[in-house]
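Student: See target_4.txt below, with compact mmCIF, C-alpha atoms.
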```
# COMPACT_ATOMS: atom_id res chain seq x y z
CA MET S 230 42.61 -38.43 18.99
CA PRO S 231 39.47 -38.91 21.04
CA THR S 232 37.18 -41.74 20.19
CA GLU S 233 33.85 -40.51 18.91
CA PHE S 234 30.65 -42.36 18.83
CA VAL S 235 26.97 -41.72 18.55
CA ASN S 236 24.71 -43.33 21.06
CA ALA S 237 21.03 -42.96 20.39
CA THR S 238 19.94 -45.66 22.76
CA SER S 239 20.18 -43.82 26.03
CA SER S 240 17.86 -41.15 27.30
CA ALA S 241 20.05 -38.47 25.79
CA LEU S 242 21.90 -38.23 22.51
CA THR S 243 25.54 -37.76 23.31
CA VAL S 244 28.59 -37.22 21.18
CA ALA S 245 31.43 -38.09 23.43
CA GLY S 246 34.59 -36.05 23.38
CA SER S 247 36.06 -32.99 25.00
CA ASN S 248 33.06 -30.81 24.15
CA ALA S 249 29.99 -32.97 24.46
CA LEU S 250 26.74 -32.31 22.67
CA VAL S 251 23.91 -33.27 24.93
CA VAL S 252 20.30 -33.07 24.02
CA SER S 253 18.06 -33.73 26.91
CA GLY S 254 14.64 -35.28 26.53
CA LEU S 255 15.38 -37.32 23.42
CA ARG S 256 14.68 -40.94 24.03
CA ALA S 257 14.62 -44.09 21.96
CA SER S 258 12.63 -46.64 23.87
CA PRO S 259 11.76 -50.17 22.81
CA ALA S 260 8.29 -50.82 21.56
CA SER S 261 6.29 -52.90 23.95
CA SER S 262 5.69 -56.01 21.89
CA THR S 263 8.26 -56.03 19.10
CA THR S 264 12.00 -55.85 18.75
CA SER S 265 11.82 -52.49 16.97
CA ALA S 266 12.00 -49.21 18.83
CA VAL S 267 9.83 -46.17 19.04
CA VAL S 268 11.59 -42.85 18.89
CA VAL S 269 9.91 -40.57 21.36
CA ALA S 270 10.73 -36.94 20.87
CA GLN S 271 9.96 -34.82 23.90
CA PRO S 272 8.96 -31.17 23.65
CA SER S 273 12.16 -30.04 25.33
CA ILE S 274 14.41 -30.89 22.39
CA THR S 275 16.58 -27.96 21.46
CA PHE S 276 20.03 -27.35 20.19
CA SER S 277 21.84 -27.24 23.46
CA PRO S 278 23.87 -24.20 24.54
CA GLU S 279 26.61 -26.71 25.16
CA MET S 280 26.86 -27.24 21.44
CA LYS S 281 30.23 -26.34 20.07
CA THR S 282 30.67 -22.81 18.85
CA GLU S 283 33.29 -23.71 16.27
CA ASP S 284 33.43 -26.23 13.47
CA GLU S 285 35.46 -29.32 14.14
CA THR S 286 37.66 -31.48 11.97
CA ARG S 287 37.60 -35.19 12.65
CA ILE S 288 39.75 -37.95 11.27
CA ILE S 289 37.77 -41.02 10.44
CA SER S 290 38.70 -44.34 8.97
CA THR S 291 36.91 -45.45 5.83
CA SER S 292 38.46 -48.91 5.84
CA SER S 293 41.02 -50.73 7.91
CA SER S 294 43.92 -49.01 6.15
CA THR S 295 42.69 -45.59 5.04
CA ALA S 296 41.57 -42.49 6.84
CA THR S 297 39.98 -39.24 5.79
CA THR S 298 38.91 -36.03 7.44
CA VAL S 299 35.44 -34.59 7.72
CA THR S 300 34.29 -31.27 9.08
CA VAL S 301 31.52 -31.17 11.62
CA GLU S 302 29.68 -27.95 10.86
CA TRP S 303 28.55 -27.10 14.38
CA VAL S 304 28.12 -23.42 13.63
CA ASN S 305 25.89 -23.96 10.61
CA TYR S 306 23.88 -26.57 12.45
CA GLN S 307 23.30 -24.12 15.24
CA ILE S 308 21.96 -21.65 12.65
CA LEU S 309 19.74 -24.43 11.32
CA GLY S 310 18.50 -25.06 14.86
CA SER S 311 17.57 -21.42 15.24
CA ALA S 312 15.77 -21.49 11.91
CA LEU S 313 13.78 -24.55 12.99
CA LYS S 314 12.81 -22.85 16.22
CA SER S 315 11.63 -19.74 14.40
CA LEU S 316 9.56 -21.87 12.02
CA GLN S 317 7.91 -23.58 14.96
CA GLN S 318 7.14 -20.22 16.55
CA TYR S 319 6.08 -18.59 13.30
CA ASP S 320 3.24 -16.28 14.14
CA GLU S 321 1.76 -14.63 11.10
CA VAL S 322 -1.77 -14.21 9.85
CA ASP S 323 -0.90 -16.55 7.00
CA ASN S 324 0.66 -19.43 8.95
CA GLN S 325 0.77 -22.01 6.16
CA TRP S 326 4.56 -22.09 6.65
CA LYS S 327 4.55 -22.74 10.40
CA ILE S 328 5.70 -26.24 11.36
CA GLU S 329 3.77 -28.20 13.95
CA ASP S 330 5.43 -29.16 17.22
CA GLY S 331 5.75 -32.85 16.26
CA VAL S 332 7.45 -31.94 12.99
CA TYR S 333 9.78 -29.58 14.80
CA GLU S 334 10.77 -32.27 17.27
CA SER S 335 11.43 -34.81 14.53
CA ALA S 336 13.43 -32.25 12.54
CA CYS S 337 15.58 -31.41 15.57
CA TYR S 338 16.20 -35.07 16.21
CA ILE S 339 17.26 -35.64 12.61
CA ALA S 340 19.39 -32.48 12.51
CA LEU S 341 21.24 -33.47 15.64
CA ASN S 342 22.01 -36.86 14.20
CA LEU S 343 23.18 -35.29 10.96
CA ALA S 344 25.45 -32.91 12.84
CA ALA S 345 26.83 -35.69 14.97
CA GLY S 346 27.43 -37.72 11.82
CA ALA S 347 29.45 -34.94 10.18
CA PHE S 348 26.95 -34.46 7.40
CA PRO S 349 27.12 -31.18 5.51
CA THR S 350 24.50 -28.78 6.82
CA PRO S 351 21.32 -29.07 4.77
CA GLN S 352 19.32 -26.19 3.35
CA ILE S 353 15.66 -25.92 4.27
CA PHE S 354 13.96 -26.62 0.95
CA THR S 355 10.40 -26.07 2.10
CA HIS S 356 8.25 -26.34 5.18
CA GLY S 357 4.65 -26.39 6.25
CA PRO S 358 2.51 -27.63 9.13
CA LYS S 359 2.95 -31.31 8.23
CA SER S 360 6.57 -31.51 7.13
CA ILE S 361 9.90 -29.85 6.65
CA VAL S 362 12.28 -30.73 3.83
CA PHE S 363 16.07 -30.69 4.17
CA ASN S 364 17.98 -30.41 0.94
CA TRP S 365 21.56 -30.75 -0.32
CA CYS S 366 22.47 -29.70 -3.85
CA ASP S 367 25.67 -30.90 -5.43
CA GLY S 368 25.91 -29.93 -9.05
CA ARG S 369 23.44 -32.10 -10.92
CA THR S 370 22.44 -34.17 -7.91
CA SER S 371 19.88 -33.07 -5.37
CA ARG S 372 19.23 -34.87 -2.12
CA TYR S 373 16.13 -34.37 -0.06
CA MET S 374 14.92 -35.50 3.30
CA THR S 375 11.23 -34.92 3.93
CA ILE S 376 10.59 -35.08 7.66
CA SER S 377 7.08 -35.48 9.02
CA GLN S 378 6.15 -36.24 12.58
CA ASN S 379 6.21 -39.99 12.01
CA ARG S 380 7.92 -40.49 8.65
CA ILE S 381 11.10 -39.70 6.79
CA THR S 382 11.46 -39.89 3.04
CA VAL S 383 14.95 -39.78 1.56
CA MET S 384 15.24 -38.94 -2.13
CA VAL S 385 18.13 -38.53 -4.55
CA SER S 386 17.42 -36.96 -7.93
CA THR S 387 19.14 -35.69 -11.05
CA PRO S 388 17.62 -33.51 -13.79
CA GLU S 389 16.75 -36.68 -15.72
CA ARG S 390 15.13 -38.81 -13.07
CA ILE S 391 14.50 -39.70 -9.47
CA GLU S 392 17.43 -41.97 -8.67
CA LYS S 393 16.30 -43.17 -5.28
CA ARG S 394 13.37 -42.63 -2.99
CA ILE S 395 13.04 -44.49 0.29
CA GLU S 396 10.43 -44.02 2.97
CA TYR S 397 10.81 -44.86 6.64
CA ALA S 398 8.27 -44.76 9.39
CA MET S 399 9.78 -43.24 12.53
CA PRO S 400 8.33 -45.88 14.86
CA GLN S 401 10.03 -48.57 12.81
CA LEU S 402 13.51 -47.15 13.18
CA PRO S 403 15.69 -49.86 14.71
CA ASP S 404 17.02 -49.07 18.13
CA LYS S 405 20.50 -47.96 17.12
CA ALA S 406 19.76 -46.60 13.66
CA THR S 407 19.27 -42.90 13.20
CA ALA S 408 18.62 -40.61 10.31
CA PHE S 409 22.37 -40.27 10.02
CA GLY S 410 22.75 -43.94 9.32
CA TYR S 411 19.87 -44.02 6.89
CA LEU S 412 21.19 -41.04 5.01
CA ALA S 413 24.64 -42.51 4.84
CA ALA S 414 23.14 -45.60 3.26
CA ALA S 415 21.00 -43.63 0.86
CA PHE S 416 23.66 -41.10 -0.08
CA ASN S 417 26.57 -43.48 -0.22
CA GLN S 418 27.98 -42.12 -3.47
CA ARG S 419 29.49 -38.99 -2.02
CA PRO S 420 32.73 -38.81 -0.02
CA SER S 421 31.43 -36.19 2.38
CA PHE S 422 28.58 -38.48 3.31
CA ILE S 423 30.89 -41.13 4.69
CA LYS S 424 29.81 -42.89 7.84
CA LEU S 425 31.93 -42.36 10.89
CA SER S 426 33.74 -45.45 12.00
CA GLY S 427 33.23 -46.65 15.50
CA SER S 428 29.57 -45.73 15.46
CA GLY S 429 27.25 -48.34 16.77
CA ILE S 430 24.93 -47.36 13.97
CA ASP S 431 27.07 -48.65 11.14
CA SER S 432 26.52 -52.34 11.39
CA ASP S 433 22.75 -52.02 11.69
CA VAL S 434 22.48 -49.79 8.66
CA SER S 435 24.78 -51.76 6.44
CA GLU S 436 22.86 -54.90 7.25
CA HIS S 437 19.64 -53.13 6.47
CA TYR S 438 20.71 -51.90 3.05
CA ARG S 439 23.21 -54.44 1.84
CA MET J 68 -15.88 -24.25 -17.66
CA ARG J 69 -12.94 -26.66 -17.59
CA LEU J 70 -10.96 -27.39 -20.69
CA ARG J 71 -7.97 -29.71 -20.87
CA VAL J 72 -4.94 -27.78 -22.08
CA LYS J 73 -3.47 -29.39 -25.20
CA ASP J 74 -0.33 -31.53 -24.98
CA GLY J 75 2.76 -29.57 -25.93
CA ASP J 76 1.30 -26.16 -25.08
CA ASN J 77 3.36 -23.80 -22.99
CA VAL J 78 2.19 -22.72 -19.58
CA PHE J 79 3.97 -20.32 -17.24
CA ARG J 80 4.42 -20.14 -13.50
CA LEU J 81 4.51 -16.53 -12.31
CA VAL J 82 7.06 -15.55 -9.67
CA ILE J 83 5.81 -13.08 -7.10
CA HIS J 84 7.99 -11.57 -4.38
CA PRO J 85 7.90 -12.26 -1.42
CA ILE J 86 5.73 -15.36 -1.95
CA ALA J 87 8.44 -17.20 -3.88
CA PHE J 88 11.29 -16.11 -1.62
CA ARG J 89 12.70 -17.00 1.75
CA SER J 90 14.12 -13.76 3.08
CA LYS J 91 15.99 -12.41 0.04
CA ALA J 92 16.74 -15.78 -1.52
CA PHE J 93 14.66 -17.37 -4.26
CA ALA J 94 12.96 -20.53 -2.98
CA VAL J 95 11.97 -23.11 -5.59
CA ALA J 96 9.35 -24.86 -3.48
CA LYS J 97 7.69 -21.58 -2.53
CA MET J 98 7.66 -20.52 -6.17
CA ILE J 99 5.90 -23.72 -7.25
CA HIS J 100 3.72 -23.58 -4.13
CA LEU J 101 1.67 -26.75 -4.32
CA VAL J 102 -1.41 -26.66 -2.11
CA TRP J 103 -3.90 -29.35 -1.15
CA LEU J 104 -7.26 -28.67 -2.78
CA ASP J 105 -8.77 -31.68 -1.03
CA GLN J 106 -7.42 -34.92 0.42
CA GLU J 107 -6.52 -36.29 -3.00
CA THR J 108 -5.69 -33.27 -5.12
CA ILE J 109 -2.67 -30.97 -5.15
CA VAL J 110 -2.89 -27.82 -7.26
CA THR J 111 -0.99 -24.76 -8.32
CA SER J 112 -1.84 -21.90 -10.66
CA LEU J 113 -0.29 -21.34 -14.07
CA ALA J 114 -0.87 -19.04 -17.04
CA TRP J 115 -1.64 -20.39 -20.52
CA GLU J 116 0.41 -19.11 -23.43
CA ILE J 117 -2.54 -19.33 -25.81
CA PHE J 118 -3.96 -16.24 -24.09
CA LEU J 119 -0.55 -14.65 -23.50
CA PRO J 120 1.29 -15.29 -26.76
CA THR J 121 4.09 -12.78 -26.24
CA ALA J 122 6.48 -12.08 -23.38
CA GLU J 123 5.04 -8.56 -23.15
CA MET J 124 1.51 -9.92 -22.65
CA LEU J 125 2.75 -12.47 -20.12
CA HIS J 126 4.55 -9.80 -18.12
CA ARG J 127 1.57 -7.43 -18.26
CA TYR J 128 -0.53 -10.27 -16.87
CA GLY J 129 2.05 -10.80 -14.11
CA CYS J 130 2.20 -7.11 -13.19
CA ASP J 131 -1.62 -6.94 -13.12
CA HIS J 132 -1.73 -10.05 -10.96
CA ALA J 133 0.71 -8.59 -8.40
CA SER J 134 -1.22 -5.34 -8.43
CA SER J 135 -4.53 -7.11 -7.78
CA LEU J 136 -2.96 -9.02 -4.87
CA ASN J 137 -1.83 -5.69 -3.38
CA GLN J 138 -5.30 -4.23 -3.85
CA LYS J 139 -6.85 -7.21 -2.12
CA THR J 140 -4.47 -6.92 0.86
CA LEU J 141 -5.23 -3.22 1.10
CA GLN J 142 -8.97 -3.91 1.10
CA ASP J 143 -8.74 -6.76 3.60
CA ARG J 144 -6.37 -5.15 6.10
CA GLY J 145 -6.86 -1.47 5.45
CA GLU J 146 -3.12 -1.00 5.00
CA LEU J 147 -0.33 -2.33 2.84
CA ARG J 148 2.89 -2.76 4.80
CA ALA J 149 6.17 -2.64 2.89
CA LYS J 150 6.88 -6.31 3.61
CA ASP J 151 3.48 -7.32 2.19
CA ILE J 152 3.88 -5.61 -1.17
CA ARG J 153 3.73 -8.15 -3.97
CA VAL J 154 6.20 -7.65 -6.81
CA TYR J 155 6.08 -9.59 -10.05
CA CYS J 156 9.60 -10.83 -10.91
CA GLY J 157 9.11 -12.94 -14.04
CA SER J 158 7.95 -16.41 -15.08
CA TYR J 159 9.12 -19.95 -15.70
CA GLN J 160 7.92 -22.00 -18.66
CA LEU J 161 6.59 -25.56 -18.48
CA ARG J 162 5.24 -27.85 -21.18
CA THR J 163 1.95 -29.59 -20.48
CA ASN J 164 3.18 -32.97 -21.73
CA LEU J 165 6.00 -32.88 -19.14
CA VAL J 166 3.46 -32.17 -16.41
CA ARG J 167 1.25 -35.06 -17.52
CA GLY J 168 4.29 -37.32 -17.61
CA LEU J 169 4.52 -37.08 -13.81
CA ALA J 170 1.87 -39.78 -13.44
CA ALA J 171 4.04 -42.38 -15.17
CA MET J 172 7.37 -41.34 -13.71
CA ASP J 173 9.54 -43.77 -11.75
CA GLY J 174 9.85 -42.75 -8.13
CA LEU J 175 6.57 -40.88 -8.07
CA ASP J 176 4.51 -43.62 -6.52
CA GLY J 177 1.10 -42.50 -5.44
CA VAL J 178 0.48 -40.05 -8.27
CA ALA J 179 -2.67 -41.24 -10.03
CA SER J 180 -2.82 -38.45 -12.63
CA ALA J 181 -1.38 -35.06 -13.46
CA ASP J 182 -3.15 -32.61 -15.69
CA VAL J 183 -3.38 -28.97 -16.74
CA VAL J 184 -6.91 -27.63 -17.08
CA HIS J 185 -8.26 -24.24 -18.08
CA LEU J 186 -10.05 -22.67 -15.15
CA VAL J 187 -10.89 -18.97 -15.36
CA GLU J 188 -10.25 -17.41 -11.97
CA ASP J 189 -11.25 -13.90 -10.89
CA GLY J 190 -12.00 -13.08 -14.52
CA LYS J 191 -8.48 -14.01 -15.59
CA ILE J 192 -8.98 -15.90 -18.81
CA ALA J 193 -5.36 -17.08 -19.03
CA HIS J 194 -5.50 -18.87 -15.67
CA VAL J 195 -4.99 -22.66 -15.72
CA ASN J 196 -4.71 -25.13 -12.89
CA LEU J 197 -2.02 -27.76 -12.57
CA GLU J 198 -3.85 -30.61 -10.84
CA ILE J 199 -2.20 -33.71 -9.41
CA LYS J 200 -4.42 -36.49 -8.13
CA ILE J 201 -3.09 -38.84 -5.47
CA ASP J 202 -4.25 -42.44 -5.53
CA PRO J 203 -6.59 -42.72 -2.51
CA GLU J 204 -5.53 -46.35 -2.01
CA TRP J 205 -1.88 -45.44 -1.73
CA SER J 206 -0.56 -45.45 1.84
CA GLY J 207 2.89 -43.95 1.32
CA ASP J 208 4.28 -40.63 2.51
CA LEU J 209 2.26 -37.83 0.89
CA GLU J 210 4.66 -35.14 2.02
CA GLY J 211 7.56 -37.02 0.43
CA THR J 212 5.55 -37.33 -2.76
CA LYS J 213 4.95 -33.59 -2.72
CA THR J 214 8.69 -32.99 -2.43
CA ALA J 215 9.29 -35.34 -5.38
CA ILE J 216 6.67 -33.51 -7.48
CA ILE J 217 8.26 -30.14 -6.75
CA ASP J 218 11.67 -31.55 -7.70
CA ARG J 219 10.35 -32.91 -11.00
CA LEU J 220 8.45 -29.73 -11.85
CA TRP J 221 11.54 -27.60 -11.16
CA ASN J 222 13.61 -29.87 -13.38
CA ALA J 223 11.00 -29.50 -16.14
CA CYS J 224 10.98 -25.68 -15.89
CA ARG J 225 12.82 -23.37 -18.25
CA GLY J 226 13.64 -19.77 -17.66
CA PRO J 227 13.45 -17.41 -15.99
CA LEU J 228 11.86 -14.71 -18.11
CA ARG J 229 12.78 -11.88 -15.78
CA HIS J 230 10.77 -8.69 -15.68
CA VAL J 231 10.59 -5.41 -13.80
CA CYS J 232 7.12 -3.83 -13.82
CA ARG J 233 6.97 -0.12 -14.50
CA THR J 234 5.66 0.52 -10.99
CA ASP J 235 8.71 -1.24 -9.50
CA ALA J 236 11.31 0.37 -11.73
CA GLN J 237 12.60 2.55 -8.88
CA GLU J 238 13.65 -0.54 -6.90
CA THR J 239 17.43 -0.51 -6.80
CA LEU J 240 17.68 -4.18 -5.82
CA HIS J 241 14.80 -5.74 -7.71
CA PRO J 242 14.13 -9.33 -6.55
CA SER J 243 14.01 -10.59 -10.13
CA ALA J 244 17.83 -10.61 -10.03
CA ALA J 245 17.64 -13.48 -7.52
CA LEU J 246 15.73 -15.85 -9.80
CA GLU J 247 17.66 -19.01 -10.56
CA ILE J 248 18.14 -20.85 -13.82
CA PRO J 249 16.60 -24.32 -13.53
CA PRO J 250 18.57 -27.46 -14.49
CA SER J 251 16.83 -27.59 -17.92
CA GLY J 252 18.19 -24.15 -18.76
CA GLU J 253 16.80 -20.88 -19.96
CA TYR J 254 13.67 -20.50 -22.03
CA THR J 255 13.96 -19.53 -25.66
CA ASP J 256 10.95 -18.69 -27.78
CA THR J 257 11.65 -20.70 -30.93
CA ARG J 258 8.52 -19.63 -32.83
CA THR J 259 8.94 -17.87 -36.15
CA SER J 260 7.65 -14.30 -36.54
CA MET J 261 4.74 -15.62 -38.61
CA HIS J 262 3.85 -18.17 -35.95
CA ARG J 263 3.98 -15.50 -33.29
CA TRP J 264 1.70 -13.19 -35.25
CA CYS J 265 -0.76 -16.03 -35.83
CA SER J 266 -0.70 -16.70 -32.07
CA ILE J 267 -1.52 -13.06 -31.35
CA VAL J 268 -4.42 -13.07 -33.83
CA ARG J 269 -5.71 -16.33 -32.36
CA CYS J 270 -5.46 -14.89 -28.85
CA HIS J 271 -7.54 -11.83 -29.78
CA LEU J 272 -10.12 -14.05 -31.48
CA LEU J 273 -10.36 -16.25 -28.40
CA GLU J 274 -10.74 -13.22 -26.15
CA PHE J 275 -13.51 -11.92 -28.43
CA VAL J 276 -15.31 -15.26 -28.34
CA TRP J 277 -14.83 -15.46 -24.58
CA GLY J 278 -16.34 -11.99 -24.26
CA LEU J 279 -19.40 -13.11 -26.23
CA PHE J 280 -20.03 -16.52 -24.66
CA GLY J 281 -17.53 -17.44 -22.00
CA GLU J 282 -18.38 -14.83 -19.39
CA ARG J 283 -22.07 -15.68 -19.75
CA ASP J 284 -21.23 -19.39 -19.22
CA SER J 285 -19.10 -18.67 -16.19
CA ARG J 286 -21.88 -16.61 -14.61
CA SER J 287 -24.46 -19.35 -15.16
```
Would you mind writing the file's structure down as structure tokens?
Tutor:
Amino acid sequence: MPTEFVNATSSALTVAGSNALVVSGLRASPASSTTSAVVVAQPSITFSPEMKTEDETRIISTSSSTATTVTVEWVNYQILGSALKSLQQYDEVDNQWKIEDGVYESACYIALNLAAGAFPTPQIFTHGPKSIVFNWCDGRTSRYMTISQNRITVMVSTPERIEKRIEYAMPQLPDKATAFGYLAAAFNQRPSFIKLSGSGIDSDVSEHYR
Amino acid sequence: MRLRVKDGDNVFRLVIHPIAFRSKAFAVAKMIHLVWLDQETIVTSLAWEIFLPTAEMLHRYGCDHASSLNQKTLQDRGELRAKDIRVYCGSYQLRTNLVRGLAAMDGLDGVASADVVHLVEDGKIAHVNLEIKIDPEWSGDLEGTKTAIIDRLWNACRGPLRHVCRTDAQETLHPSAALEIPPSGEYTDTRTSMHRWCSIVRCHLLEFVWGLFGERDSRS
């Protein structure tokens, strides 16, 4: 079984393994005067043609003695990538639904991290020039991720109430933490949102939300 | 003339295809369609039951609204392409007190007030505005707040009251079939027959009074 890890610290996001996912131009560089990092999303971010064309089942460990399987939905994420691209290029008279380039870049960055983290593929709940909202519905629970150019808001709700709502500023994302890690922390009630073991992200996130 | 709609009154959100759809799928956020009126105010349009006391009147209003949108497109562009044709599909019910409750709701930081006010638009007397004011001092994520508002409004909705306008009856796959039932369930009109008749009489009286004074006020 190949070892899998997510490395968001280099100049490219890479999921190691036999079929690597490489996204060029995505860089997490340290801020000049603080220990936090600034995520710089370059215009060239796309879902790479090297992305896998089939879904993948991974075995992950949830503790030292147990293991479970998760499916990485590469195919659906590729469809999501195409949808994001078309929203960025939306060219209608009424372009209130077109997403700005910065939003598109942030959304691609988040989507890639979600895919790499074996998250179920989100639905696009809504979109506009300033933001795009990813959404997962699971019976009575809805999960949302509102992605702007510089912010992410994660929300979990039920018909009765908003259970959780957490905002993050993109420039404040710690060096190794990604949307995947944040979501895992925010959505920790659901088995399919389990964090992958071996990821360098895990320790940072768990410390952040313990 | 702006009048605060009474607590507990029913208001309805009309569903128009393709505005409330993404491709062929019903899209909640597009149905609710919150727009920024200015830097502090988010609005959407609703219809007030006091002027539309029966489902028939509500649906007639919806069909007329879709028809007027089509007329406007035709006038503006000189043509009405098939993909631009607006089709009324039905409505979702909301209670005004649930809308106003948004301001005090946990998790909706940044919402200073939420209200439903009567605002006649294009001569449509039943038109009301749902207005949400954002606290100007608040520095949180406005887009995230908007998502939370849409989520709460959808959870407060009941319905749908589906409808096929006479002009769209030939549609074999009418988009109203795609409308989803919100988490709060379907809408049931629990009024007694007497109450309904009183509502109809009151509606006609209000329209008469509006005809005498209201239109003059709105012109001035």
Student: If you take every atom of range 97-107 of chain J that the file lists and fit an axis-aligned box around them with 5 Å extra on each side, what centre and edge lengths come out in Å to one decimal, as lines of an AutoDock Vina configuration file?
Tutor:
```
center_x = -0.5
center_y = -28.4
center_z = -3.4
size_x = 26.5
size_y = 25.8
size_z = 17.7
```
Student: Could I get the residues of chain S with an atom no further than 8 Å from an atom of chain J, each paired with its nearest atom pair and that distance in Å to one decimal, using all atoms listed in the file, sorted by chain and residue number, as a Markdown table?
Tutor:
```
| residue | atom | partner | partner_atom | distance |
| --- | --- | --- | --- | --- |
| S:Phe354 | CA | J:Ala96 | CA | 6.6 |
| S:Thr355 | CA | J:Ala96 | CA | 5.8 |
| S:Lys359 | CA | J:Glu210 | CA | 7.5 |
| S:Ser360 | CA | J:Glu210 | CA | 6.6 |
| S:Val362 | CA | J:Thr214 | CA | 7.6 |
| S:Arg369 | CA | J:Pro250 | CA | 7.6 |
| S:Tyr373 | CA | J:Thr214 | CA | 7.9 |
| S:Thr375 | CA | J:Gly211 | CA | 5.5 |
| S:Ser377 | CA | J:Glu210 | CA | 7.4 |
| S:Arg380 | CA | J:Asp208 | CA | 7.1 |
| S:Ile381 | CA | J:Gly211 | CA | 7.8 |
| S:Thr382 | CA | J:Gly211 | CA | 5.5 |
| S:Val383 | CA | J:Gly211 | CA | 8.0 |
| S:Met384 | CA | J:Ala215 | CA | 7.7 |
| S:Ser386 | CA | J:Asp218 | CA | 7.9 |
| S:Pro388 | CA | J:Asn222 | CA | 5.4 |
| S:Glu389 | CA | J:Asn222 | CA | 7.9 |
| S:Arg390 | CA | J:Asp173 | CA | 7.6 |
| S:Ile391 | CA | J:Gly174 | CA | 5.7 |
| S:Glu392 | CA | J:Gly174 | CA | 7.6 |
| S:Lys393 | CA | J:Gly174 | CA | 7.1 |
| S:Arg394 | CA | J:Gly174 | CA | 6.2 |
| S:Glu396 | CA | J:Asp208 | CA | 7.0 |
```
Student: Under the rule that only C-alpha atoms are counted, which of S:Gln318, S:Pro351, S:Thr387, S:Gly357 is the nearest residue to Ser371 in chain S?
Tutor: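 So, comparing all the options, the nearest one is S:Thr387.
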Student: Using all atoms listed in the file, give me every residue within 6 Å of (8.1, -13.8, -11.4) in file coordinates, as a list in words.
Tutor: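 Within the cut-off we find Leu81, Val82, Ile83, Tyr155, Cys156, Gly157 and Ser158 of chain J.
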Student: Fewer than 2 positions away in the same chain doesn't count, so skip those; otherwise give me all residues within 12 Å of Lys314 in chain S, counting all atoms listed in the file, as number ranges by chain.
Tutor: S: 272-276, 307-312, 316-320, 327-330, 332-334, 336-337
Student: Would you save the residues of that selection, restricted to C-alpha atoms, as a PDB file, keeping the file's coordinate frame?
Tutor:
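Final file, again38.pdb:
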```pdb
ATOM      1  CA  PRO S 272       8.960 -31.170  23.650  1.00  0.00           C
ATOM      2  CA  SER S 273      12.160 -30.040  25.330  1.00  0.00           C
ATOM      3  CA  ILE S 274      14.410 -30.890  22.390  1.00  0.00           C
ATOM      4  CA  THR S 275      16.580 -27.960  21.460  1.00  0.00           C
ATOM      5  CA  PHE S 276      20.030 -27.350  20.190  1.00  0.00           C
ATOM      6  CA  GLN S 307      23.300 -24.120  15.240  1.00  0.00           C
ATOM      7  CA  ILE S 308      21.960 -21.650  12.650  1.00  0.00           C
ATOM      8  CA  LEU S 309      19.740 -24.430  11.320  1.00  0.00           C
ATOM      9  CA  GLY S 310      18.500 -25.060  14.860  1.00  0.00           C
ATOM     10  CA  SER S 311      17.570 -21.420  15.240  1.00  0.00           C
ATOM     11  CA  ALA S 312      15.770 -21.490  11.910  1.00  0.00           C
ATOM     12  CA  LEU S 316       9.560 -21.870  12.020  1.00  0.00           C
ATOM     13  CA  GLN S 317       7.910 -23.580  14.960  1.00  0.00           C
ATOM     14  CA  GLN S 318       7.140 -20.220  16.550  1.00  0.00           C
ATOM     15  CA  TYR S 319       6.080 -18.590  13.300  1.00  0.00           C
ATOM     16  CA  ASP S 320       3.240 -16.280  14.140  1.00  0.00           C
ATOM     17  CA  LYS S 327       4.550 -22.740  10.400  1.00  0.00           C
ATOM     18  CA  ILE S 328       5.700 -26.240  11.360  1.00  0.00           C
ATOM     19  CA  GLU S 329       3.770 -28.200  13.950  1.00  0.00           C
ATOM     20  CA  ASP S 330       5.430 -29.160  17.220  1.00  0.00           C
ATOM     21  CA  VAL S 332       7.450 -31.940  12.990  1.00  0.00           C
ATOM     22  CA  TYR S 333       9.780 -29.580  14.800  1.00  0.00           C
ATOM     23  CA  GLU S 334      10.770 -32.270  17.270  1.00  0.00           C
ATOM     24  CA  ALA S 336      13.430 -32.250  12.540  1.00  0.00           C
ATOM     25  CA  CYS S 337      15.580 -31.410  15.570  1.00  0.00           C
TER      26      CYS S 337
END
```
Student: For each of J:Trp205, J:Tyr254, J:Phe88, J:Trp277, take the minimum atom-to-atom distance to Ala122 in chain J, counting only C-alpha atoms, then give the residue where this is smallest.
Tutor: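 Using only C-alpha atoms, the shortest distance to Ala122 in chain J belongs to J:Tyr254.
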Student: Between CA of Glu247 in chain J and CA of Gly226 in chain J, measure the distance and give it in Å to one decimal.
Tutor: 8.2 Å
Student: Considering all atoms listed in the file, return as a ChimeraX atom specification whatever protein or nucleic-acid residues lie within 9 Å of Arg153 in chain J, sequence-local ones (same chain, fewer than 5 positions apart) excluded.
Tutor: /J:83-86,133-134,136-137
Student: Write the selection just made, keeping C-alpha atoms, as an mmCIF file, in the coordinates of the input?
Tutor:
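This is the output file selection01.cif:
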```cif
data_model
loop_
_atom_site.group_PDB
_atom_site.id
_atom_site.type_symbol
_atom_site.label_atom_id
_atom_site.label_comp_id
_atom_site.auth_asym_id
_atom_site.auth_seq_id
_atom_site.Cartn_x
_atom_site.Cartn_y
_atom_site.Cartn_z
ATOM 1 C CA ILE J 83 5.810 -13.080 -7.100
ATOM 2 C CA HIS J 84 7.990 -11.570 -4.380
ATOM 3 C CA PRO J 85 7.900 -12.260 -1.420
ATOM 4 C CA ILE J 86 5.730 -15.360 -1.950
ATOM 5 C CA ALA J 133 0.710 -8.590 -8.400
ATOM 6 C CA SER J 134 -1.220 -5.340 -8.430
ATOM 7 C CA LEU J 136 -2.960 -9.020 -4.870
ATOM 8 C CA ASN J 137 -1.830 -5.690 -3.380
#
```
